[in-house]
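Q: File follows, run26.cif with mmCIF, C-alpha atoms:
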```cif
data_entry
#
loop_
_atom_site.label_atom_id
_atom_site.label_comp_id
_atom_site.auth_asym_id
_atom_site.auth_seq_id
_atom_site.Cartn_x
_atom_site.Cartn_y
_atom_site.Cartn_z
CA MET D 7 34.50 73.33 159.67
CA GLN D 8 34.31 72.71 163.43
CA PRO D 9 36.82 74.48 165.66
CA ARG D 10 38.52 72.31 168.27
CA ILE D 11 39.75 73.15 171.75
CA VAL D 12 43.49 72.65 171.67
CA THR D 13 46.07 72.91 174.44
CA LEU D 14 49.46 74.23 173.38
CA ASN D 15 52.27 74.21 175.94
CA VAL D 16 54.56 76.93 174.64
CA ASN D 17 57.79 77.81 176.43
CA GLY D 18 56.32 76.42 179.63
CA ARG D 19 53.06 78.38 179.35
CA LYS D 20 49.79 76.58 178.79
CA HIS D 21 47.39 78.03 176.21
CA GLN D 22 43.93 76.63 175.71
CA VAL D 23 42.46 77.94 172.47
CA ALA D 24 39.63 77.22 170.04
CA MET D 25 41.33 76.45 166.76
CA ASP D 26 40.02 76.00 163.24
CA PRO D 27 41.52 72.82 161.74
CA ASN D 28 43.09 74.69 158.83
CA VAL D 29 45.33 76.81 161.08
CA THR D 30 48.97 75.79 161.04
CA LEU D 31 51.08 75.78 164.17
CA LEU D 32 53.00 78.72 162.68
CA TYR D 33 49.90 80.95 162.58
CA ALA D 34 48.66 79.68 165.94
CA LEU D 35 51.96 80.60 167.61
CA ARG D 36 52.20 84.01 165.97
CA ASP D 37 48.58 84.79 166.93
CA LEU D 38 49.44 83.89 170.53
CA GLY D 39 52.20 86.50 170.41
CA TYR D 40 55.22 84.31 169.68
CA SER D 41 56.38 86.53 166.86
CA ASP D 42 59.91 85.15 167.11
CA VAL D 43 58.52 82.27 165.00
CA LYS D 44 59.00 83.73 161.52
CA ASN D 45 56.81 83.19 158.48
CA GLY D 46 59.18 82.69 155.56
CA CYS D 47 58.31 80.36 152.70
CA GLU D 48 55.40 78.36 154.18
CA ILE D 49 56.45 75.29 152.20
CA GLY D 50 59.09 73.85 154.51
CA GLU D 51 62.10 75.06 152.56
CA CYS D 52 63.49 77.91 154.68
CA GLY D 53 63.30 76.87 158.35
CA ALA D 54 62.46 80.39 159.62
CA CYS D 55 59.40 78.95 161.40
CA ALA D 56 61.32 76.16 163.17
CA VAL D 57 60.26 75.25 166.70
CA LEU D 58 61.00 72.33 169.00
CA LEU D 59 58.00 70.00 169.04
CA ASN D 60 58.39 67.54 171.92
CA GLY D 61 62.12 68.22 171.72
CA LYS D 62 62.50 67.78 167.96
CA PRO D 63 63.00 70.64 165.51
CA VAL D 64 60.24 70.91 162.89
CA ASN D 65 58.88 73.46 160.43
CA SER D 66 55.76 74.82 162.16
CA CYS D 67 54.32 75.86 158.77
CA MET D 68 53.73 72.18 157.91
CA VAL D 69 52.04 71.15 161.15
CA LEU D 70 48.37 71.74 161.95
CA ALA D 71 47.81 73.21 165.40
CA CYS D 72 45.03 70.63 165.91
CA GLN D 73 47.56 67.84 165.27
CA VAL D 74 49.70 68.76 168.28
CA ASP D 75 47.12 69.09 171.05
CA GLY D 76 48.98 68.73 174.35
CA ALA D 77 52.46 68.85 172.83
CA GLU D 78 55.43 70.69 174.34
CA ILE D 79 56.55 73.51 172.07
CA VAL D 80 59.68 75.60 172.51
CA THR D 81 60.42 78.68 170.41
CA ASN D 82 63.58 80.76 170.38
CA SER D 83 62.13 83.21 172.92
CA GLY D 84 61.61 80.31 175.32
CA LEU D 85 65.33 79.57 175.46
CA GLY D 86 66.39 82.77 177.22
CA THR D 87 65.62 86.40 177.93
CA MET D 88 67.41 89.69 177.26
CA ASP D 89 68.76 89.61 180.84
CA ASP D 90 69.51 85.90 180.85
CA PRO D 91 70.14 84.77 177.28
CA HIS D 92 70.83 81.18 176.27
CA PRO D 93 74.53 80.58 175.40
CA LEU D 94 73.48 80.15 171.76
CA GLN D 95 71.66 83.49 171.73
CA GLU D 96 74.64 85.17 173.36
CA ALA D 97 77.07 83.55 170.93
CA PHE D 98 74.99 84.57 167.88
CA ALA D 99 75.15 88.20 169.07
CA ASP D 100 78.84 88.08 170.05
CA THR D 101 80.08 86.55 166.81
CA GLY D 102 77.94 88.75 164.56
CA ALA D 103 75.96 85.76 163.34
CA ILE D 104 73.02 88.08 162.78
CA GLN D 105 72.57 90.33 159.80
CA CYS D 106 68.89 90.92 159.08
CA GLY D 107 67.98 88.51 161.87
CA PHE D 108 65.07 86.84 160.12
CA CYS D 109 66.60 83.36 160.04
CA THR D 110 68.08 83.63 163.55
CA PRO D 111 65.26 82.15 165.67
CA GLY D 112 65.02 79.09 163.40
CA MET D 113 68.79 78.72 163.24
CA ILE D 114 69.00 78.81 167.03
CA ILE D 115 66.24 76.18 167.32
CA SER D 116 68.09 73.82 164.94
CA ALA D 117 71.37 74.49 166.77
CA LYS D 118 69.70 73.87 170.15
CA ALA D 119 68.37 70.51 168.92
CA LEU D 120 71.87 69.61 167.72
CA LEU D 121 73.63 70.51 170.98
CA ASP D 122 70.97 68.68 173.01
CA ARG D 123 71.98 65.36 171.45
CA ASN D 124 75.56 66.15 170.43
CA PRO D 125 77.31 68.64 172.73
CA HIS D 126 80.57 68.53 170.72
CA PRO D 127 79.58 68.73 167.07
CA THR D 128 82.11 68.95 164.25
CA GLU D 129 81.79 71.74 161.71
CA ARG D 130 80.32 69.22 159.30
CA GLU D 131 77.68 68.16 161.84
CA ILE D 132 76.78 71.81 162.46
CA ARG D 133 76.38 72.41 158.73
CA GLU D 134 74.17 69.34 158.44
CA ALA D 135 72.06 70.35 161.46
CA ILE D 136 71.29 73.81 160.04
CA SER D 137 70.85 72.57 156.47
CA GLY D 138 67.10 73.13 156.71
CA ASN D 139 67.57 76.80 157.63
CA ILE D 140 68.28 79.30 154.92
CA CYS D 141 70.14 82.55 155.62
CA ARG D 142 69.52 84.85 152.66
CA CYS D 143 72.21 87.22 153.94
CA THR D 144 74.46 84.13 153.52
CA GLY D 145 76.19 84.69 156.84
CA TYR D 146 76.77 80.99 157.38
CA GLY D 147 80.41 81.34 158.46
CA GLN D 148 79.54 83.36 161.55
CA ILE D 149 76.54 81.16 162.32
CA ILE D 150 78.73 78.07 162.40
CA GLU D 151 81.24 79.92 164.56
CA ALA D 152 78.44 80.97 166.93
CA VAL D 153 77.37 77.35 167.43
CA GLN D 154 80.98 76.37 168.13
CA VAL D 155 81.38 79.21 170.62
CA ALA D 156 78.12 78.27 172.36
CA ALA D 157 79.09 74.58 172.52
CA LYS D 158 82.36 75.53 174.17
CA LYS D 159 80.70 77.90 176.61
CA MET D 160 78.13 75.27 177.57
CA GLU D 161 80.87 72.71 178.12
CA GLU D 162 82.79 75.09 180.39
CA ALA D 163 79.62 75.88 182.31
CA SER D 164 78.90 72.21 182.89
CA ASP D 165 82.52 71.61 183.99
CA GLU D 166 82.14 74.23 186.70
CA VAL D 167 79.17 72.50 188.28
CA MET A 9 45.81 80.22 154.73
CA LEU A 10 44.67 76.70 153.98
CA PRO A 11 41.28 75.92 152.48
CA GLU A 12 38.62 74.68 154.88
CA PHE A 13 38.17 71.01 155.71
CA GLU A 14 36.75 68.74 158.37
CA PHE A 15 39.46 67.38 160.64
CA LEU A 16 39.10 63.95 162.23
CA ILE A 17 41.37 62.39 164.86
CA PRO A 18 40.88 58.61 165.09
CA GLN A 19 42.23 56.80 168.15
CA THR A 20 42.72 53.43 166.45
CA LEU A 21 43.50 52.08 163.00
CA SER A 22 40.03 50.59 162.58
CA GLU A 23 38.46 53.93 163.46
CA ALA A 24 40.71 55.63 160.89
CA LEU A 25 39.73 53.12 158.18
CA LYS A 26 36.06 53.70 158.93
CA MET A 27 36.52 57.47 158.61
CA LEU A 28 38.37 57.09 155.32
CA ALA A 29 35.66 54.76 153.96
CA GLU A 30 32.87 57.11 154.99
CA GLY A 31 34.65 60.15 153.60
CA ALA A 32 35.88 58.53 150.34
CA PRO A 33 36.78 59.78 147.83
CA ASP A 34 36.93 63.21 149.46
CA ALA A 35 38.87 62.14 152.58
CA VAL A 36 42.66 62.00 152.79
CA PRO A 37 45.00 60.67 155.46
CA LEU A 38 47.40 63.16 157.06
CA ALA A 39 50.62 61.97 158.70
CA GLY A 40 53.73 64.17 158.54
CA GLY A 41 51.98 66.81 156.43
CA THR A 42 55.14 67.77 154.56
CA ASN A 43 53.46 67.11 151.21
CA LEU A 44 49.79 67.52 152.00
CA ILE A 45 49.91 70.83 153.88
CA PRO A 46 51.94 72.74 151.24
CA ASP A 47 49.77 71.10 148.54
CA MET A 48 46.61 72.32 150.26
CA ARG A 49 48.04 75.79 150.70
CA GLY A 50 48.94 75.91 147.03
CA GLY A 51 45.43 74.82 146.10
CA TYR A 52 46.69 71.63 144.41
CA HIS A 53 44.75 69.53 146.86
CA THR A 54 41.40 70.47 148.41
CA PRO A 55 40.12 67.50 150.42
CA GLY A 56 36.83 67.87 152.28
CA VAL A 57 37.94 65.62 155.13
CA VAL A 58 41.42 65.18 156.61
CA VAL A 59 42.02 62.14 158.82
CA ASN A 60 44.99 62.48 161.18
CA VAL A 61 46.82 59.14 161.19
CA ALA A 62 50.16 60.44 162.54
CA GLY A 63 49.65 59.21 166.08
CA LEU A 64 48.31 55.72 165.37
CA GLU A 65 50.41 53.12 167.20
CA GLU A 66 49.63 50.50 164.55
CA LEU A 67 51.56 52.55 161.97
CA ARG A 68 54.62 53.32 164.00
CA SER A 69 56.79 50.27 164.68
CA ILE A 70 59.87 48.88 162.94
CA ARG A 71 60.23 45.13 163.51
CA ARG A 72 61.67 41.90 162.19
CA GLU A 73 59.03 39.36 161.31
CA ASN A 74 59.33 36.00 159.45
CA GLY A 75 62.53 36.88 157.64
CA HIS A 76 61.22 40.32 156.72
CA LEU A 77 61.72 43.81 158.00
CA VAL A 78 58.44 45.64 158.50
CA ALA A 79 58.17 49.41 158.95
CA GLY A 80 54.92 51.14 159.83
CA GLY A 81 53.69 53.70 157.33
CA ALA A 82 53.89 56.58 159.81
CA THR A 83 57.55 55.87 160.64
CA THR A 84 59.31 59.19 160.19
CA ILE A 85 62.39 59.57 158.01
CA ALA A 86 64.31 60.61 161.15
CA GLU A 87 63.26 57.35 162.83
CA LEU A 88 64.60 55.38 159.84
CA LEU A 89 67.89 57.21 160.31
CA GLU A 90 68.17 56.30 163.98
CA ASP A 91 66.80 52.75 163.98
CA HIS A 92 69.30 49.92 164.60
CA LEU A 93 67.29 47.34 162.61
CA ILE A 94 67.31 49.62 159.58
CA ALA A 95 71.05 50.20 160.09
CA GLN A 96 71.64 46.47 160.15
CA TYR A 97 69.26 45.24 157.46
CA ALA A 98 68.70 48.19 155.14
CA PRO A 99 71.71 50.53 155.21
CA ILE A 100 70.80 51.82 151.74
CA LEU A 101 67.45 53.01 153.09
CA GLN A 102 69.32 54.78 155.84
CA GLU A 103 71.61 56.46 153.29
CA ALA A 104 68.52 57.66 151.42
CA ALA A 105 67.02 58.94 154.69
CA ALA A 106 70.23 60.90 155.38
CA ALA A 107 69.95 62.53 151.94
CA PHE A 108 66.23 63.25 152.35
CA ALA A 109 65.16 66.95 152.36
CA THR A 110 66.34 68.59 155.61
CA PRO A 111 66.55 67.58 159.28
CA LEU A 112 63.45 69.72 159.98
CA VAL A 113 61.45 67.90 157.31
CA ARG A 114 62.78 64.46 158.29
CA ASN A 115 61.32 64.85 161.80
CA ARG A 116 57.81 65.01 160.30
CA ALA A 117 57.86 63.30 156.89
CA THR A 118 56.95 59.61 156.91
CA VAL A 119 58.01 56.69 154.76
CA GLY A 120 54.37 55.84 153.99
CA GLY A 121 53.75 59.42 152.91
CA ASN A 122 56.83 59.46 150.69
CA LEU A 123 55.69 56.24 148.97
CA ALA A 124 52.03 57.21 148.66
CA ASP A 125 52.85 60.69 147.34
CA ALA A 126 54.89 58.92 144.65
CA ALA A 127 56.89 61.90 143.44
CA PRO A 128 59.31 60.82 140.67
CA CYS A 129 62.15 62.09 142.90
CA ALA A 130 60.94 60.48 146.16
CA ASP A 131 64.17 59.29 147.77
CA THR A 132 62.91 56.27 149.72
CA ILE A 133 61.49 54.54 146.63
CA PRO A 134 64.68 53.40 144.80
CA PRO A 135 66.27 51.77 147.88
CA LEU A 136 63.00 50.05 148.75
CA LEU A 137 62.67 48.82 145.15
CA ALA A 138 66.22 47.47 145.32
CA LEU A 139 65.36 45.70 148.57
CA GLY A 140 62.35 44.06 146.89
CA ALA A 141 59.76 45.81 149.08
CA GLU A 142 56.01 45.51 149.02
CA VAL A 143 53.40 47.72 150.65
CA GLU A 144 50.40 46.67 152.68
CA LEU A 145 47.23 48.58 151.84
CA THR A 146 44.40 48.26 154.31
CA SER A 147 40.81 49.36 154.15
CA LYS A 148 37.92 48.45 156.37
CA GLU A 149 37.18 45.60 153.92
CA GLY A 150 40.60 44.02 154.41
CA SER A 151 44.27 44.11 153.45
CA ARG A 152 46.25 43.49 150.29
CA ARG A 153 49.95 43.45 149.59
CA VAL A 154 51.30 45.05 146.44
CA PRO A 155 54.89 44.97 145.21
CA LEU A 156 56.24 48.52 145.38
CA GLU A 157 56.97 48.39 141.66
CA GLU A 158 53.27 47.86 140.88
CA PHE A 159 52.12 50.26 143.58
CA ILE A 160 53.56 53.24 141.75
CA VAL A 161 51.81 53.90 138.46
CA GLY A 162 53.15 57.31 137.44
CA PRO A 163 54.04 60.75 138.81
CA HIS A 164 52.01 61.16 142.04
CA GLU A 165 49.87 58.22 140.98
CA THR A 166 49.52 54.90 142.79
CA VAL A 167 47.06 52.00 142.94
CA ARG A 168 45.98 53.06 146.45
CA ARG A 169 42.22 53.51 146.61
CA PRO A 170 40.95 56.55 148.53
CA GLU A 171 39.63 54.40 151.38
CA GLU A 172 42.92 52.52 151.74
CA LEU A 173 45.79 53.36 154.06
CA LEU A 174 49.42 52.40 153.49
CA VAL A 175 49.85 50.56 156.77
CA THR A 176 53.29 48.98 156.37
CA VAL A 177 56.15 48.55 153.94
CA ARG A 178 58.12 45.30 154.16
CA TRP A 179 61.07 43.68 152.49
CA PRO A 180 62.94 40.38 152.84
CA VAL A 181 66.09 40.40 154.95
CA SER A 182 68.96 40.02 152.48
CA PRO A 183 70.81 36.68 152.65
CA PRO A 184 74.47 36.50 153.78
CA HIS A 185 77.04 37.80 151.26
CA SER A 186 74.76 40.64 150.24
CA ALA A 187 75.74 44.25 149.77
CA GLY A 188 73.94 47.41 148.79
CA ALA A 189 74.80 50.92 147.73
CA PHE A 190 72.80 54.13 147.27
CA ARG A 191 73.63 57.50 145.79
CA LYS A 192 71.58 60.64 145.31
CA MET A 193 72.74 63.26 142.85
CA GLY A 194 71.29 66.76 143.14
CA LEU A 195 72.21 70.33 142.35
CA ARG A 196 73.34 71.02 145.91
CA LYS A 197 73.65 69.19 149.22
CA ALA A 198 70.92 70.65 151.41
CA ALA A 199 67.17 70.61 150.81
CA CYS A 200 67.60 69.26 147.34
CA MET A 201 65.37 67.27 145.06
CA ALA A 202 67.02 64.28 143.46
CA LYS A 203 68.18 64.71 139.89
CA VAL A 204 69.21 61.06 139.90
CA ASP A 205 68.74 58.39 142.57
CA VAL A 206 70.48 55.03 142.18
CA ALA A 207 70.13 52.05 144.53
CA VAL A 208 71.63 48.60 144.04
CA VAL A 209 71.51 45.41 146.08
CA VAL A 210 73.71 42.47 145.14
CA GLU A 211 73.19 39.02 146.64
CA GLY A 212 76.38 37.00 146.24
CA ASP A 213 77.66 33.56 147.07
CA GLU A 214 80.79 32.43 148.92
CA SER A 215 82.95 32.71 145.80
CA GLY A 216 82.00 36.36 145.31
CA ARG A 217 79.85 35.62 142.29
CA CYS A 218 76.58 37.55 141.94
CA ARG A 219 73.55 35.33 142.48
CA ARG A 220 71.05 38.10 141.99
CA ALA A 221 71.13 41.88 141.69
CA ARG A 222 68.45 44.52 141.92
CA ILE A 223 69.10 47.92 140.38
CA ALA A 224 66.60 50.75 140.91
CA LEU A 225 66.63 54.25 139.47
CA GLY A 226 64.73 57.40 140.47
CA ALA A 227 64.11 60.81 138.89
CA VAL A 228 65.12 59.65 135.40
CA ALA A 229 61.65 58.62 134.16
CA PRO A 230 58.02 59.38 135.07
CA LYS A 231 58.32 56.76 137.82
CA GLN A 232 61.06 54.90 139.65
CA PHE A 233 61.83 51.51 138.14
CA ARG A 234 64.07 48.47 138.26
CA VAL A 235 66.47 47.83 135.41
CA ARG A 236 65.36 44.30 134.55
CA ALA A 237 67.69 43.86 131.58
CA ALA A 238 70.76 44.65 133.70
CA GLU A 239 69.51 42.46 136.53
CA ALA A 240 69.08 39.50 134.11
CA LEU A 241 72.57 40.06 132.73
CA LEU A 242 74.15 39.86 136.20
CA ARG A 243 72.27 36.75 137.33
CA ASP A 244 74.75 34.04 138.48
CA GLN A 245 77.72 35.85 136.99
CA PRO A 246 81.08 36.88 138.41
CA LEU A 247 81.08 40.69 138.68
CA THR A 248 83.87 41.58 136.28
CA ASP A 249 84.56 45.16 135.20
CA GLU A 250 83.19 44.30 131.75
CA ILE A 251 79.85 42.95 132.93
CA ILE A 252 79.42 45.85 135.36
CA ALA A 253 80.08 48.31 132.53
CA GLU A 254 77.49 46.56 130.37
CA ALA A 255 74.92 46.62 133.22
CA ALA A 256 75.56 50.35 133.59
CA ARG A 257 75.05 50.86 129.85
CA LEU A 258 71.73 48.98 130.03
CA ALA A 259 70.64 51.15 132.97
CA ALA A 260 71.25 54.31 130.96
CA GLU A 261 69.44 52.77 128.00
CA ALA A 262 66.37 52.09 130.18
CA SER A 263 66.26 55.68 131.48
CA HIS A 264 64.02 58.30 129.91
CA PRO A 265 64.81 61.71 131.34
CA ARG A 266 62.86 64.72 130.15
CA PRO A 267 64.14 66.56 127.08
CA GLY A 268 66.96 68.85 128.11
CA SER A 269 68.07 66.48 130.87
CA GLU A 270 69.98 64.02 128.71
CA TYR A 271 73.01 64.57 130.95
CA LYS A 272 71.27 62.23 133.39
CA LEU A 273 72.05 59.30 131.11
CA LYS A 274 75.75 59.83 131.73
CA VAL A 275 75.15 60.19 135.45
CA VAL A 276 73.15 56.95 135.56
CA ARG A 277 75.82 55.08 133.65
CA GLY A 278 78.59 56.36 135.90
CA LEU A 279 76.74 55.86 139.19
CA VAL A 280 75.44 52.36 138.40
CA ARG A 281 78.95 51.30 137.44
CA ARG A 282 80.46 52.78 140.59
CA LEU A 283 77.81 51.41 142.96
CA LEU A 284 77.92 47.91 141.45
CA ALA A 285 81.71 47.90 141.72
CA ARG A 286 81.46 48.94 145.36
CA ALA A 287 78.90 46.19 146.10
CA ALA A 288 81.04 43.65 144.22
CA GLU A 289 84.00 44.50 146.48
CA GLU A 290 81.87 44.10 149.58
CA ILE A 291 80.45 40.65 148.81
CA LYS A 292 83.92 39.23 148.21
#
```
Written as structure tokens, that's how I'd like the structure from this file.

A:
Amino acid sequence: MQPRIVTLNVNGRKHQVAMDPNVTLLYALRDLGYSDVKNGCEIGECGACAVLLNGKPVNSCMVLACQVDGAEIVTNSGLGTMDDPHPLQEAFADTGAIQCGFCTPGMIISAKALLDRNPHPTEREIREAISGNICRCTGYGQIIEAVQVAAKKMEEASDEV
Amino acid sequence: MLPEFEFLIPQTLSEALKMLAEGAPDAVPLAGGTNLIPDMRGGYHTPGVVVNVAGLEELRSIRRENGHLVAGGATTIAELLEDHLIAQYAPILQEAAAAFATPLVRNRATVGGNLADAAPCADTIPPLLALGAEVELTSKEGSRRVPLEEFIVGPHETVRRPEELLVTVRWPVSPPHSAGAFRKMGLRKAACMAKVDVAVVVEGDESGRCRRARIALGAVAPKQFRVRAAEALLRDQPLTDEIIAEAARLAAEASHPRPGSEYKLKVVRGLVRRLLARAAEEIK
């Protein structure tokens, strides 16, 4: 098994790493320190490992790192910081959409992808968009509310400009 | 952790076919990875060589060609959902795509992978059977076209040879006065495996009579299939409530769910009746 040199652009930072082919993007990201990408089921059922791959949300457990050489990857921690959180991150905290927190990064990634292409989603569209993310605390009500709050906040912010 | 394998990244289709031929039977193509990667992790699949075909341009277009719609094997399920040609000429395939796994999976999973994996609950198979699709299998020796019905032999079993790649799937554009309907029944809405898939396409004439119908079922037998007896019954007939009910009865009769899942027979009968009635309304 020959390792390959792979370039991963994660949250705007470029990483050049030697990668064995059997390493999934999930493990590659966690090894690089992006521990906000959670390892849940590893069979694409739970969505805890979701990241944006060239703008589209995917389960990083079902992608080989060697398959995405040169791709743009965004994880939850790339969306905002503690001092300057993304409206979604702020809304998840404000509405109590976090219980154990394990599903949160993946939820926020799916919600981000939704709002990028549909800034005014209906409740039904929000439910559909996060249907690949499982919350075992079953706090879906607050999660949906958080996405609505964030959508509204983002709309107000864009109105001000 | 996944088992070890050699990983090859071809730049062109012909390069990929050469790699598959040289590696056969121990080489497998990798596109979306939503079946292969979990299968490898689970130890169900331990290929020595993995050939990455996801990025090959030759496998990625959706086009209209000589009265047919042609979709590249590496077209993702999400691309099927968004494509205007699919919306226009194969709305039932789009309905199946919308019911497929989850949005996260749909951004990676490919139509070629769903067909070649040939799970009895694969959601793209019944609509493509109802559309009369065939697949194009290509190796470095050449290409052959196989009707989808013959392509699938049994659960996770197809006639694809290890050195062949599913390059395209194609189906004839339905004539005017045609209508289709699709329905997936599962235990829940999200991330669910089909318990029953039903797809129908009815080609009518100006008077609203059925010229030809195709009825395909999934997840109610070891492989997806067309209900030939019901299709023969409906040929050149007006779609009355009685004949639709009889077609639905024949569909249930042709189904062979596993012991303990006999409830599926009722579901098949009800869904076939409902979908045929809906299509009958539309062709009027």

Q: Ranking D:Cys106, D:Met7, D:Ala54, D:Met68 by minimum distance to Ser41 in chain D and counting all atoms listed in the file, which one comes first?

A: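 Closest to Ser41 in chain D of all the choices is D:Ala54.
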
Q: Mind giving me the straight-line distance from CA of Gly84 in chain D to CA of Ala198 in chain A in Å, one decimal?

A: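 That distance, rounded to one decimal, is 27.4 Å.
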
Q: Taking all atoms listed in the file into account and nothing else, which residues of chain A lie no more than 7 Å away from chain D? Please answer as number ranges by chain.

A: A: 10-15, 41-42, 45-46, 110-113, 115-116, 198-199

Q: Just want the 12 Å neighbourhood of range 15-24 of chain D, counted on only C-alpha atoms, with same-chain residues fewer than 5 positions away dropped. Output as a ChimeraX atom specification.

A: /D:8-10,29,31,34-40,43,57-61,71-72,74-87

Q: For Leu44 in chain A, work out the shell of residues within 10 Å, counting all atoms listed in the file and skipping chain neighbours fewer than 3 positions away, then give it as number ranges by chain.

A: D: 68; A: 36-41, 47-50, 52-55, 58, 121, 125
